[in-house]
Amino acid sequence: MDQLSVLKVLNNNVLIGDHLSYGEVVLIGKGIGFNRKKGDTIERSLVEKLFILKNEREQENYIKLLPFLDNDLLEVIISAIELIKKKINTPLNEHIHVALTDHLLFTVTRLSKGMELKNPFLIETKALYPFEFQVAKEVIGLIEKQTGIYLPEGEVGFIALHIHSSIMNKDISDINRHSQLVTQLIDIVEDTFDMKIDKESIEYMRLVRHLRFAIERIVNGEMVVEPEKIANLLKEEYPLCYNLAWKLIKVMQHALKRHVFDAEAVYLTMHLQRLQKKIK
């Protein structure tokens, strides 16, 4: 059994410990920090939760949140992150401990004051990240079961974005910005076609996912080869969809500040034509 010793007591129930294998770790347990001093050995039976925060800045930010968290909320957030790790089964960026804790503290505080944070990108998030969305629903269920706190459906979308951010090692602000961009592009499609797209339809799901992957390709500078004959055919056969595709590309190019390969217009035109055909 690896030995644990105290590095820094944060409060009666949380401390920074020294783990023989992992180095600095955050330890959670009822009364684990009471009357402790640096260098004390910690009995493993007292440790209810353990996680690693190697980054010093992450440690500092996490420590700043602790005074605002009651033990029940802290424990359920840590349990929620453990649930996410188990479901994802892949290493998560350790920033999720700070980001998700901060977000849920903010949400619970607002709800306690009768305020609710609306999520205008809920439907797009569900379409973009279906797996993360499902895991987020389980997190909401866990929080309600353990604390009695009911979180509105919009929170599923916010938590799903935090999960995706941690999996992909991307900043949550970039994830949010890309989700907003997808919403903007869908609005342009609806205005051009003069219709409301059924957000539950397979066509909508396909278009949203195509836009998501197109944004990722553009951000990563991935080259897409243009099938010239198909491009000319689409331009002649489906001028409305082809012109709309280019309009969307210009919006993406402006928002992302990246070059967009012409071939993106070809694949986007095909998706738009499929959607237009379906709604006629």
# chains A, B, ... in the order shown; residues from 1 in each chain; ligands from 1
call {"tool": "residues_around", "arguments": {"residues": "Val25 of chain A", "least_positions_apart": "3", "cutoff": "8 Å", "atoms": "only C-alpha atoms", "output": "JSON, numbers by chain"}}
result
{"A": [16, 17, 18, 19, 22, 50, 51, 52, 53, 54]}
call {"tool": "residues_around", "arguments": {"residues": "segment 111-125 of chain A", "least_positions_apart": "3", "cutoff": "9 Å", "atoms": "only C-alpha atoms", "output": "list of chain:residue names"}}
result
A:Phe106, A:Thr107, A:Val108, A:Leu128, A:Tyr129, A:Pro130, A:Phe133, A:Leu151, A:Pro152, A:Glu153, A:Gly154, A:Glu155, A:Val156, A:Gly157, A:Phe158, A:Ala160, A:Leu161, A:Asn176, A:Ser179, A:Gln180, A:Val182, A:Thr183, A:Lys199, A:Glu200, A:Met205, A:Val208
call {"tool": "select_by_dssp", "arguments": {"residues": "segment 38-224 of chain A", "states": "strand (DSSP E)", "output": "number ranges by chain"}}
result
A: 49-52
call {"tool": "write_last_selection", "arguments": {"atoms": "C-alpha atoms", "output": "PDB file, in the first residue's frame"}}
result
ATOM      1  CA  LYS A  49     -11.743  10.388  -2.654  1.00  0.00           C
ATOM      2  CA  LEU A  50      -8.361  11.007  -4.270  1.00  0.00           C
ATOM      3  CA  PHE A  51      -7.470  12.840  -7.462  1.00  0.00           C
ATOM      4  CA  ILE A  52      -4.388  14.377  -9.014  1.00  0.00           C
TER       5      ILE A  52
END
call {"tool": "residues_around", "arguments": {"residues": "Asp174 of chain A", "least_positions_apart": "4", "cutoff": "12 Å", "atoms": "only C-alpha atoms", "output": "NGL selection string"}}
result
:A and (161-162 or 164-165 or 168-170 or 178-181 or 215-216 or 219 or 255-256)
call {"tool": "write_last_selection", "arguments": {"atoms": "all heavy atoms", "output": "compact mmCIF listing (two decimals), in the first residue's frame"}}
result
# COMPACT_ATOMS: atom_id res chain seq x y z
N LEU A 161 -20.60 20.17 -22.52
CA LEU A 161 -19.50 20.96 -23.10
C LEU A 161 -18.24 20.86 -22.24
O LEU A 161 -17.13 20.78 -22.77
CB LEU A 161 -19.92 22.43 -23.25
CG LEU A 161 -20.98 22.73 -24.31
CD1 LEU A 161 -21.32 24.21 -24.32
CD2 LEU A 161 -20.53 22.29 -25.70
N HIS A 162 -18.41 20.87 -20.92
CA HIS A 162 -17.25 20.71 -20.03
C HIS A 162 -16.61 19.33 -20.22
O HIS A 162 -15.38 19.21 -20.22
CB HIS A 162 -17.66 20.90 -18.57
CG HIS A 162 -17.76 22.33 -18.16
ND1 HIS A 162 -16.65 23.12 -17.96
CD2 HIS A 162 -18.84 23.13 -17.92
CE1 HIS A 162 -17.04 24.34 -17.62
NE2 HIS A 162 -18.36 24.37 -17.59
N HIS A 164 -16.75 17.46 -22.96
CA HIS A 164 -16.09 17.44 -24.28
C HIS A 164 -14.78 18.23 -24.24
O HIS A 164 -13.77 17.80 -24.80
CB HIS A 164 -17.02 18.04 -25.33
CG HIS A 164 -16.45 18.00 -26.72
ND1 HIS A 164 -16.33 16.84 -27.45
CD2 HIS A 164 -15.92 19.00 -27.49
CE1 HIS A 164 -15.76 17.11 -28.61
NE2 HIS A 164 -15.51 18.41 -28.66
N SER A 165 -14.81 19.36 -23.56
CA SER A 165 -13.61 20.18 -23.42
C SER A 165 -12.48 19.40 -22.76
O SER A 165 -11.33 19.46 -23.20
CB SER A 165 -13.93 21.43 -22.58
OG SER A 165 -12.77 22.11 -22.21
N MET A 168 -11.20 16.49 -25.18
CA MET A 168 -10.47 16.98 -26.34
C MET A 168 -9.29 17.87 -25.96
O MET A 168 -8.53 18.29 -26.83
CB MET A 168 -11.41 17.75 -27.27
CG MET A 168 -12.58 16.93 -27.79
SD MET A 168 -12.08 15.42 -28.64
CE MET A 168 -11.28 16.12 -30.09
N ASN A 169 -9.15 18.16 -24.65
CA ASN A 169 -8.06 19.02 -24.20
C ASN A 169 -8.17 20.41 -24.82
O ASN A 169 -7.16 21.04 -25.17
CB ASN A 169 -6.72 18.40 -24.55
CG ASN A 169 -5.71 18.53 -23.42
OD1 ASN A 169 -6.06 18.93 -22.32
ND2 ASN A 169 -4.48 18.21 -23.69
N LYS A 170 -9.39 20.89 -24.98
CA LYS A 170 -9.63 22.20 -25.57
C LYS A 170 -10.22 23.13 -24.53
O LYS A 170 -10.92 22.70 -23.62
CB LYS A 170 -10.61 22.09 -26.75
CG LYS A 170 -10.04 21.42 -27.98
CD LYS A 170 -11.08 21.42 -29.08
CE LYS A 170 -10.55 20.79 -30.36
NZ LYS A 170 -11.59 20.73 -31.41
N HIS A 178 -17.45 27.67 -30.92
CA HIS A 178 -17.78 26.83 -32.07
C HIS A 178 -19.24 26.41 -32.05
O HIS A 178 -19.88 26.34 -33.11
CB HIS A 178 -16.87 25.59 -32.10
CG HIS A 178 -15.43 25.93 -32.33
ND1 HIS A 178 -14.40 25.03 -32.15
CD2 HIS A 178 -14.83 27.09 -32.72
CE1 HIS A 178 -13.25 25.62 -32.43
NE2 HIS A 178 -13.48 26.86 -32.77
N SER A 179 -19.79 26.15 -30.87
CA SER A 179 -21.22 25.82 -30.76
C SER A 179 -22.08 27.01 -31.20
O SER A 179 -23.08 26.84 -31.89
CB SER A 179 -21.57 25.43 -29.32
OG SER A 179 -20.89 24.26 -28.94
N GLN A 180 -21.66 28.21 -30.79
CA GLN A 180 -22.39 29.42 -31.19
C GLN A 180 -22.31 29.62 -32.70
O GLN A 180 -23.28 30.06 -33.33
CB GLN A 180 -21.82 30.62 -30.45
CG GLN A 180 -22.11 30.63 -28.96
CD GLN A 180 -21.36 31.72 -28.23
OE1 GLN A 180 -21.02 32.75 -28.81
NE2 GLN A 180 -21.09 31.52 -26.95
N LEU A 181 -21.16 29.30 -33.27
CA LEU A 181 -20.98 29.44 -34.71
C LEU A 181 -21.91 28.48 -35.45
O LEU A 181 -22.54 28.87 -36.45
CB LEU A 181 -19.52 29.18 -35.09
CG LEU A 181 -19.17 29.23 -36.57
CD1 LEU A 181 -19.58 30.56 -37.20
CD2 LEU A 181 -17.67 29.00 -36.78
N ILE A 215 -15.67 22.77 -39.12
CA ILE A 215 -15.01 23.76 -38.25
C ILE A 215 -13.69 23.20 -37.71
O ILE A 215 -12.67 23.89 -37.70
CB ILE A 215 -15.96 24.17 -37.09
CG1 ILE A 215 -17.10 25.04 -37.64
CG2 ILE A 215 -15.19 24.92 -36.00
CD1 ILE A 215 -18.24 25.27 -36.67
N GLU A 216 -13.72 21.94 -37.30
CA GLU A 216 -12.50 21.31 -36.77
C GLU A 216 -11.42 21.21 -37.85
O GLU A 216 -10.24 21.45 -37.59
CB GLU A 216 -12.82 19.93 -36.20
CG GLU A 216 -13.57 19.99 -34.87
CD GLU A 216 -13.79 18.63 -34.25
OE1 GLU A 216 -13.25 17.63 -34.78
OE2 GLU A 216 -14.53 18.56 -33.25
N VAL A 219 -10.02 24.76 -38.43
CA VAL A 219 -9.17 25.17 -37.30
C VAL A 219 -7.82 24.45 -37.36
O VAL A 219 -6.77 25.05 -37.10
CB VAL A 219 -9.87 24.90 -35.95
CG1 VAL A 219 -8.89 25.06 -34.78
CG2 VAL A 219 -11.07 25.83 -35.78
N ALA A 255 -15.21 34.09 -38.85
CA ALA A 255 -15.27 33.79 -37.42
C ALA A 255 -14.01 33.09 -36.92
O ALA A 255 -13.54 33.36 -35.82
CB ALA A 255 -16.50 32.92 -37.12
N LEU A 256 -13.47 32.20 -37.75
CA LEU A 256 -12.34 31.37 -37.32
C LEU A 256 -10.99 31.97 -37.69
O LEU A 256 -9.95 31.49 -37.22
CB LEU A 256 -12.46 29.97 -37.93
CG LEU A 256 -13.74 29.20 -37.55
CD1 LEU A 256 -13.87 27.93 -38.39
CD2 LEU A 256 -13.73 28.84 -36.06
call {"tool": "closest_residue", "arguments": {"among": "A:Ile32, A:Leu105, A:Leu142, A:Ile163", "to": "Ser79 of chain A", "atoms": "only C-alpha atoms"}}
result
A:Leu142
call {"tool": "residues_around", "arguments": {"residues": "Trp246 of chain A", "least_positions_apart": "3", "cutoff": "12 Å", "atoms": "only C-alpha atoms", "output": "list in words"}}
result
Leu185, Ile188, Val189, Ala231, Lys235, Pro239, Leu240, Cys241, Tyr242, Asn243, Ile249, Lys250, Val251, Met252, Gln253, Val260, Phe261, Asp262, Ala263, Glu264, Ala265, Val266, Tyr267, Leu268, Thr269 and Leu272 of chain A
call {"tool": "write_last_selection", "arguments": {"atoms": "N, CA, C and O atoms", "output": "compact mmCIF listing (two decimals), in the first residue's frame"}}
result
# COMPACT_ATOMS: atom_id res chain seq x y z
N LEU A 185 -24.82 29.47 -38.14
CA LEU A 185 -24.88 28.89 -39.49
C LEU A 185 -26.24 28.26 -39.76
O LEU A 185 -26.80 28.41 -40.86
N ILE A 188 -28.77 30.90 -40.57
CA ILE A 188 -28.63 31.38 -41.96
C ILE A 188 -29.30 30.41 -42.93
O ILE A 188 -29.98 30.82 -43.88
N VAL A 189 -29.12 29.11 -42.69
CA VAL A 189 -29.76 28.09 -43.54
C VAL A 189 -31.27 28.22 -43.47
O VAL A 189 -31.97 28.20 -44.50
N ALA A 231 -18.04 19.68 -58.40
CA ALA A 231 -18.25 21.08 -58.06
C ALA A 231 -19.02 21.80 -59.16
O ALA A 231 -19.99 22.53 -58.90
N LYS A 235 -22.86 23.24 -58.90
CA LYS A 235 -23.05 24.67 -59.15
C LYS A 235 -24.17 24.90 -60.17
O LYS A 235 -24.98 25.82 -60.04
N PRO A 239 -27.93 25.70 -57.69
CA PRO A 239 -27.29 27.02 -57.46
C PRO A 239 -27.61 27.62 -56.09
O PRO A 239 -26.75 28.24 -55.48
N LEU A 240 -28.86 27.45 -55.60
CA LEU A 240 -29.23 28.01 -54.30
C LEU A 240 -28.38 27.39 -53.19
O LEU A 240 -27.81 28.11 -52.34
N CYS A 241 -28.27 26.07 -53.20
CA CYS A 241 -27.50 25.37 -52.17
C CYS A 241 -26.01 25.67 -52.29
O CYS A 241 -25.31 25.83 -51.28
N TYR A 242 -25.54 25.77 -53.53
CA TYR A 242 -24.12 26.04 -53.76
C TYR A 242 -23.75 27.44 -53.27
O TYR A 242 -22.74 27.63 -52.58
N ASN A 243 -24.60 28.42 -53.59
CA ASN A 243 -24.34 29.80 -53.14
C ASN A 243 -24.46 29.92 -51.62
O ASN A 243 -23.69 30.66 -50.99
N ILE A 249 -19.45 29.36 -45.71
CA ILE A 249 -17.99 29.26 -45.65
C ILE A 249 -17.36 30.63 -45.33
O ILE A 249 -16.41 30.73 -44.54
N LYS A 250 -17.92 31.68 -45.93
CA LYS A 250 -17.41 33.04 -45.66
C LYS A 250 -17.61 33.40 -44.19
O LYS A 250 -16.74 34.03 -43.57
N VAL A 251 -18.75 32.99 -43.63
CA VAL A 251 -19.03 33.25 -42.21
C VAL A 251 -18.02 32.50 -41.34
O VAL A 251 -17.47 33.05 -40.38
N MET A 252 -17.77 31.23 -41.67
CA MET A 252 -16.80 30.42 -40.92
C MET A 252 -15.40 31.01 -41.03
O MET A 252 -14.65 31.08 -40.05
N GLN A 253 -15.07 31.43 -42.25
CA GLN A 253 -13.73 31.99 -42.49
C GLN A 253 -13.51 33.25 -41.66
O GLN A 253 -12.45 33.44 -41.05
N VAL A 260 -10.24 28.58 -45.72
CA VAL A 260 -11.14 27.45 -45.94
C VAL A 260 -10.93 26.94 -47.37
O VAL A 260 -11.02 27.71 -48.33
N PHE A 261 -10.66 25.65 -47.50
CA PHE A 261 -10.44 25.06 -48.83
C PHE A 261 -11.77 25.01 -49.61
O PHE A 261 -12.82 24.74 -49.04
N ASP A 262 -11.68 25.27 -50.91
CA ASP A 262 -12.87 25.33 -51.77
C ASP A 262 -13.70 24.06 -51.71
O ASP A 262 -14.92 24.09 -51.86
N ALA A 263 -13.04 22.93 -51.50
CA ALA A 263 -13.75 21.65 -51.50
C ALA A 263 -14.81 21.58 -50.41
O ALA A 263 -15.78 20.82 -50.53
N GLU A 264 -14.65 22.38 -49.34
CA GLU A 264 -15.67 22.37 -48.28
C GLU A 264 -17.04 22.76 -48.86
O GLU A 264 -18.07 22.27 -48.39
N ALA A 265 -17.04 23.63 -49.87
CA ALA A 265 -18.30 24.07 -50.48
C ALA A 265 -19.02 22.92 -51.16
O ALA A 265 -20.26 22.84 -51.15
N VAL A 266 -18.24 22.00 -51.73
CA VAL A 266 -18.83 20.85 -52.43
C VAL A 266 -19.58 19.96 -51.44
O VAL A 266 -20.75 19.63 -51.64
N TYR A 267 -18.91 19.59 -50.36
CA TYR A 267 -19.53 18.67 -49.40
C TYR A 267 -20.68 19.34 -48.65
O TYR A 267 -21.69 18.70 -48.34
N LEU A 268 -20.54 20.63 -48.41
CA LEU A 268 -21.60 21.36 -47.73
C LEU A 268 -22.83 21.50 -48.64
O LEU A 268 -23.98 21.36 -48.18
N THR A 269 -22.60 21.73 -49.93
CA THR A 269 -23.71 21.81 -50.89
C THR A 269 -24.51 20.52 -50.91
O THR A 269 -25.75 20.54 -50.94
N LEU A 272 -26.71 20.39 -47.85
CA LEU A 272 -27.80 21.36 -47.96
C LEU A 272 -28.85 20.89 -48.96
O LEU A 272 -30.06 21.05 -48.74
call {"tool": "closest_residue", "arguments": {"among": "A:Thr109, A:Asn13, A:Asn35, A:Asn55", "to": "Phe68 of chain A", "atoms": "only C-alpha atoms"}}
result
A:Thr109
call {"tool": "select_by_dssp", "arguments": {"residues": "segment 26-189 of chain A", "states": "alpha helix (DSSP H)", "output": "number ranges by chain"}}
result
A: 56-65, 71-88, 95-112, 122-128, 130-147, 154-168, 172-189
call {"tool": "closest_residue", "arguments": {"among": "A:Met270, A:Leu10, A:Ile84, A:Leu275", "to": "Glu190 of chain A", "atoms": "only C-alpha atoms"}}
result
A:Leu275
call {"tool": "closest_residue", "arguments": {"among": "A:Gln146, A:Gln59, A:Asn220, A:Gln276", "to": "Arg258 of chain A", "atoms": "only C-alpha atoms"}}
result
A:Asn220
call {"tool": "atom_distance", "arguments": {"atom1": "atom CA of Ala245 of chain A", "atom2": "atom CA of His271 of chain A"}}
result
9.3 Å
call {"tool": "decode", "arguments": {"residues": "segment 216-255 of chain A", "atoms": "N, CA and C atoms", "output": "PDB file, in the first residue's frame"}}
result
ATOM      1  N   GLU A 216     -13.718  21.938 -37.298  1.00  0.00           N
ATOM      2  CA  GLU A 216     -12.496  21.313 -36.768  1.00  0.00           C
ATOM      3  C   GLU A 216     -11.423  21.214 -37.850  1.00  0.00           C
ATOM      4  N   ARG A 217     -11.849  20.850 -39.075  1.00  0.00           N
ATOM      5  CA  ARG A 217     -10.878  20.766 -40.175  1.00  0.00           C
ATOM      6  C   ARG A 217     -10.260  22.136 -40.458  1.00  0.00           C
ATOM      7  N   ILE A 218     -11.109  23.162 -40.462  1.00  0.00           N
ATOM      8  CA  ILE A 218     -10.643  24.518 -40.762  1.00  0.00           C
ATOM      9  C   ILE A 218      -9.665  24.986 -39.682  1.00  0.00           C
ATOM     10  N   VAL A 219     -10.019  24.765 -38.426  1.00  0.00           N
ATOM     11  CA  VAL A 219      -9.166  25.172 -37.301  1.00  0.00           C
ATOM     12  C   VAL A 219      -7.818  24.455 -37.358  1.00  0.00           C
ATOM     13  N   ASN A 220      -7.857  23.167 -37.725  1.00  0.00           N
ATOM     14  CA  ASN A 220      -6.631  22.359 -37.770  1.00  0.00           C
ATOM     15  C   ASN A 220      -5.862  22.510 -39.076  1.00  0.00           C
ATOM     16  N   GLY A 221      -6.442  23.258 -40.028  1.00  0.00           N
ATOM     17  CA  GLY A 221      -5.773  23.481 -41.310  1.00  0.00           C
ATOM     18  C   GLY A 221      -5.682  22.242 -42.177  1.00  0.00           C
ATOM     19  N   GLU A 222      -6.656  21.333 -42.016  1.00  0.00           N
ATOM     20  CA  GLU A 222      -6.644  20.090 -42.802  1.00  0.00           C
ATOM     21  C   GLU A 222      -7.049  20.376 -44.244  1.00  0.00           C
ATOM     22  N   MET A 223      -6.239  19.888 -45.178  1.00  0.00           N
ATOM     23  CA  MET A 223      -6.523  20.118 -46.592  1.00  0.00           C
ATOM     24  C   MET A 223      -7.623  19.175 -47.080  1.00  0.00           C
ATOM     25  N   VAL A 224      -8.580  19.745 -47.819  1.00  0.00           N
ATOM     26  CA  VAL A 224      -9.666  18.951 -48.401  1.00  0.00           C
ATOM     27  C   VAL A 224      -9.566  19.106 -49.913  1.00  0.00           C
ATOM     28  N   VAL A 225      -9.503  17.978 -50.608  1.00  0.00           N
ATOM     29  CA  VAL A 225      -9.324  18.003 -52.062  1.00  0.00           C
ATOM     30  C   VAL A 225     -10.669  18.245 -52.750  1.00  0.00           C
ATOM     31  N   GLU A 226     -10.660  19.132 -53.742  1.00  0.00           N
ATOM     32  CA  GLU A 226     -11.899  19.477 -54.439  1.00  0.00           C
ATOM     33  C   GLU A 226     -12.112  18.602 -55.670  1.00  0.00           C
ATOM     34  N   PRO A 227     -13.218  17.851 -55.683  1.00  0.00           N
ATOM     35  CA  PRO A 227     -13.566  17.083 -56.892  1.00  0.00           C
ATOM     36  C   PRO A 227     -14.195  18.049 -57.914  1.00  0.00           C
ATOM     37  N   GLU A 228     -13.393  18.529 -58.855  1.00  0.00           N
ATOM     38  CA  GLU A 228     -13.784  19.645 -59.719  1.00  0.00           C
ATOM     39  C   GLU A 228     -15.043  19.374 -60.537  1.00  0.00           C
ATOM     40  N   LYS A 229     -15.154  18.148 -61.087  1.00  0.00           N
ATOM     41  CA  LYS A 229     -16.324  17.836 -61.916  1.00  0.00           C
ATOM     42  C   LYS A 229     -17.608  17.910 -61.096  1.00  0.00           C
ATOM     43  N   ILE A 230     -17.541  17.396 -59.865  1.00  0.00           N
ATOM     44  CA  ILE A 230     -18.722  17.427 -58.996  1.00  0.00           C
ATOM     45  C   ILE A 230     -19.054  18.865 -58.637  1.00  0.00           C
ATOM     46  N   ALA A 231     -18.039  19.675 -58.401  1.00  0.00           N
ATOM     47  CA  ALA A 231     -18.254  21.079 -58.060  1.00  0.00           C
ATOM     48  C   ALA A 231     -19.022  21.804 -59.161  1.00  0.00           C
ATOM     49  N   ASN A 232     -18.597  21.594 -60.403  1.00  0.00           N
ATOM     50  CA  ASN A 232     -19.271  22.237 -61.541  1.00  0.00           C
ATOM     51  C   ASN A 232     -20.711  21.750 -61.683  1.00  0.00           C
ATOM     52  N   LEU A 233     -20.907  20.455 -61.466  1.00  0.00           N
ATOM     53  CA  LEU A 233     -22.243  19.869 -61.567  1.00  0.00           C
ATOM     54  C   LEU A 233     -23.177  20.461 -60.512  1.00  0.00           C
ATOM     55  N   LEU A 234     -22.684  20.507 -59.263  1.00  0.00           N
ATOM     56  CA  LEU A 234     -23.502  21.034 -58.166  1.00  0.00           C
ATOM     57  C   LEU A 234     -23.830  22.515 -58.388  1.00  0.00           C
ATOM     58  N   LYS A 235     -22.857  23.240 -58.899  1.00  0.00           N
ATOM     59  CA  LYS A 235     -23.055  24.670 -59.147  1.00  0.00           C
ATOM     60  C   LYS A 235     -24.170  24.897 -60.165  1.00  0.00           C
ATOM     61  N   GLU A 236     -24.236  24.033 -61.181  1.00  0.00           N
ATOM     62  CA  GLU A 236     -25.267  24.151 -62.223  1.00  0.00           C
ATOM     63  C   GLU A 236     -26.619  23.619 -61.767  1.00  0.00           C
ATOM     64  N   GLU A 237     -26.589  22.457 -61.071  1.00  0.00           N
ATOM     65  CA  GLU A 237     -27.840  21.783 -60.696  1.00  0.00           C
ATOM     66  C   GLU A 237     -28.502  22.391 -59.462  1.00  0.00           C
ATOM     67  N   TYR A 238     -27.690  22.840 -58.527  1.00  0.00           N
ATOM     68  CA  TYR A 238     -28.247  23.322 -57.251  1.00  0.00           C
ATOM     69  C   TYR A 238     -27.641  24.680 -56.885  1.00  0.00           C
ATOM     70  N   PRO A 239     -27.927  25.701 -57.691  1.00  0.00           N
ATOM     71  CA  PRO A 239     -27.294  27.016 -57.463  1.00  0.00           C
ATOM     72  C   PRO A 239     -27.614  27.616 -56.095  1.00  0.00           C
ATOM     73  N   LEU A 240     -28.855  27.453 -55.601  1.00  0.00           N
ATOM     74  CA  LEU A 240     -29.226  28.011 -54.304  1.00  0.00           C
ATOM     75  C   LEU A 240     -28.377  27.393 -53.187  1.00  0.00           C
ATOM     76  N   CYS A 241     -28.273  26.066 -53.201  1.00  0.00           N
ATOM     77  CA  CYS A 241     -27.496  25.365 -52.172  1.00  0.00           C
ATOM     78  C   CYS A 241     -26.011  25.670 -52.294  1.00  0.00           C
ATOM     79  N   TYR A 242     -25.537  25.768 -53.529  1.00  0.00           N
ATOM     80  CA  TYR A 242     -24.116  26.041 -53.760  1.00  0.00           C
ATOM     81  C   TYR A 242     -23.750  27.438 -53.266  1.00  0.00           C
ATOM     82  N   ASN A 243     -24.599  28.423 -53.586  1.00  0.00           N
ATOM     83  CA  ASN A 243     -24.341  29.796 -53.142  1.00  0.00           C
ATOM     84  C   ASN A 243     -24.456  29.917 -51.622  1.00  0.00           C
ATOM     85  N   LEU A 244     -25.425  29.178 -51.052  1.00  0.00           N
ATOM     86  CA  LEU A 244     -25.590  29.181 -49.600  1.00  0.00           C
ATOM     87  C   LEU A 244     -24.360  28.566 -48.925  1.00  0.00           C
ATOM     88  N   ALA A 245     -23.841  27.492 -49.521  1.00  0.00           N
ATOM     89  CA  ALA A 245     -22.645  26.846 -48.974  1.00  0.00           C
ATOM     90  C   ALA A 245     -21.490  27.841 -48.907  1.00  0.00           C
ATOM     91  N   TRP A 246     -21.337  28.629 -49.947  1.00  0.00           N
ATOM     92  CA  TRP A 246     -20.258  29.612 -49.963  1.00  0.00           C
ATOM     93  C   TRP A 246     -20.493  30.743 -48.952  1.00  0.00           C
ATOM     94  N   LYS A 247     -21.763  31.085 -48.761  1.00  0.00           N
ATOM     95  CA  LYS A 247     -22.101  32.098 -47.759  1.00  0.00           C
ATOM     96  C   LYS A 247     -21.705  31.606 -46.362  1.00  0.00           C
ATOM     97  N   LEU A 248     -22.002  30.337 -46.086  1.00  0.00           N
ATOM     98  CA  LEU A 248     -21.652  29.737 -44.793  1.00  0.00           C
ATOM     99  C   LEU A 248     -20.138  29.668 -44.621  1.00  0.00           C
ATOM    100  N   ILE A 249     -19.449  29.358 -45.706  1.00  0.00           N
ATOM    101  CA  ILE A 249     -17.986  29.263 -45.648  1.00  0.00           C
ATOM    102  C   ILE A 249     -17.363  30.634 -45.332  1.00  0.00           C
ATOM    103  N   LYS A 250     -17.917  31.677 -45.930  1.00  0.00           N
ATOM    104  CA  LYS A 250     -17.411  33.038 -45.663  1.00  0.00           C
ATOM    105  C   LYS A 250     -17.611  33.400 -44.187  1.00  0.00           C
ATOM    106  N   VAL A 251     -18.752  32.989 -43.631  1.00  0.00           N
ATOM    107  CA  VAL A 251     -19.027  33.254 -42.213  1.00  0.00           C
ATOM    108  C   VAL A 251     -18.018  32.502 -41.341  1.00  0.00           C
ATOM    109  N   MET A 252     -17.768  31.227 -41.672  1.00  0.00           N
ATOM    110  CA  MET A 252     -16.804  30.418 -40.920  1.00  0.00           C
ATOM    111  C   MET A 252     -15.399  31.014 -41.028  1.00  0.00           C
ATOM    112  N   GLN A 253     -15.066  31.434 -42.249  1.00  0.00           N
ATOM    113  CA  GLN A 253     -13.734  31.986 -42.495  1.00  0.00           C
ATOM    114  C   GLN A 253     -13.508  33.245 -41.656  1.00  0.00           C
ATOM    115  N   HIS A 254     -14.544  34.081 -41.594  1.00  0.00           N
ATOM    116  CA  HIS A 254     -14.449  35.326 -40.829  1.00  0.00           C
ATOM    117  C   HIS A 254     -14.374  35.034 -39.321  1.00  0.00           C
ATOM    118  N   ALA A 255     -15.208  34.094 -38.854  1.00  0.00           N
ATOM    119  CA  ALA A 255     -15.270  33.789 -37.417  1.00  0.00           C
ATOM    120  C   ALA A 255     -14.010  33.089 -36.925  1.00  0.00           C
TER     121      ALA A 255
END
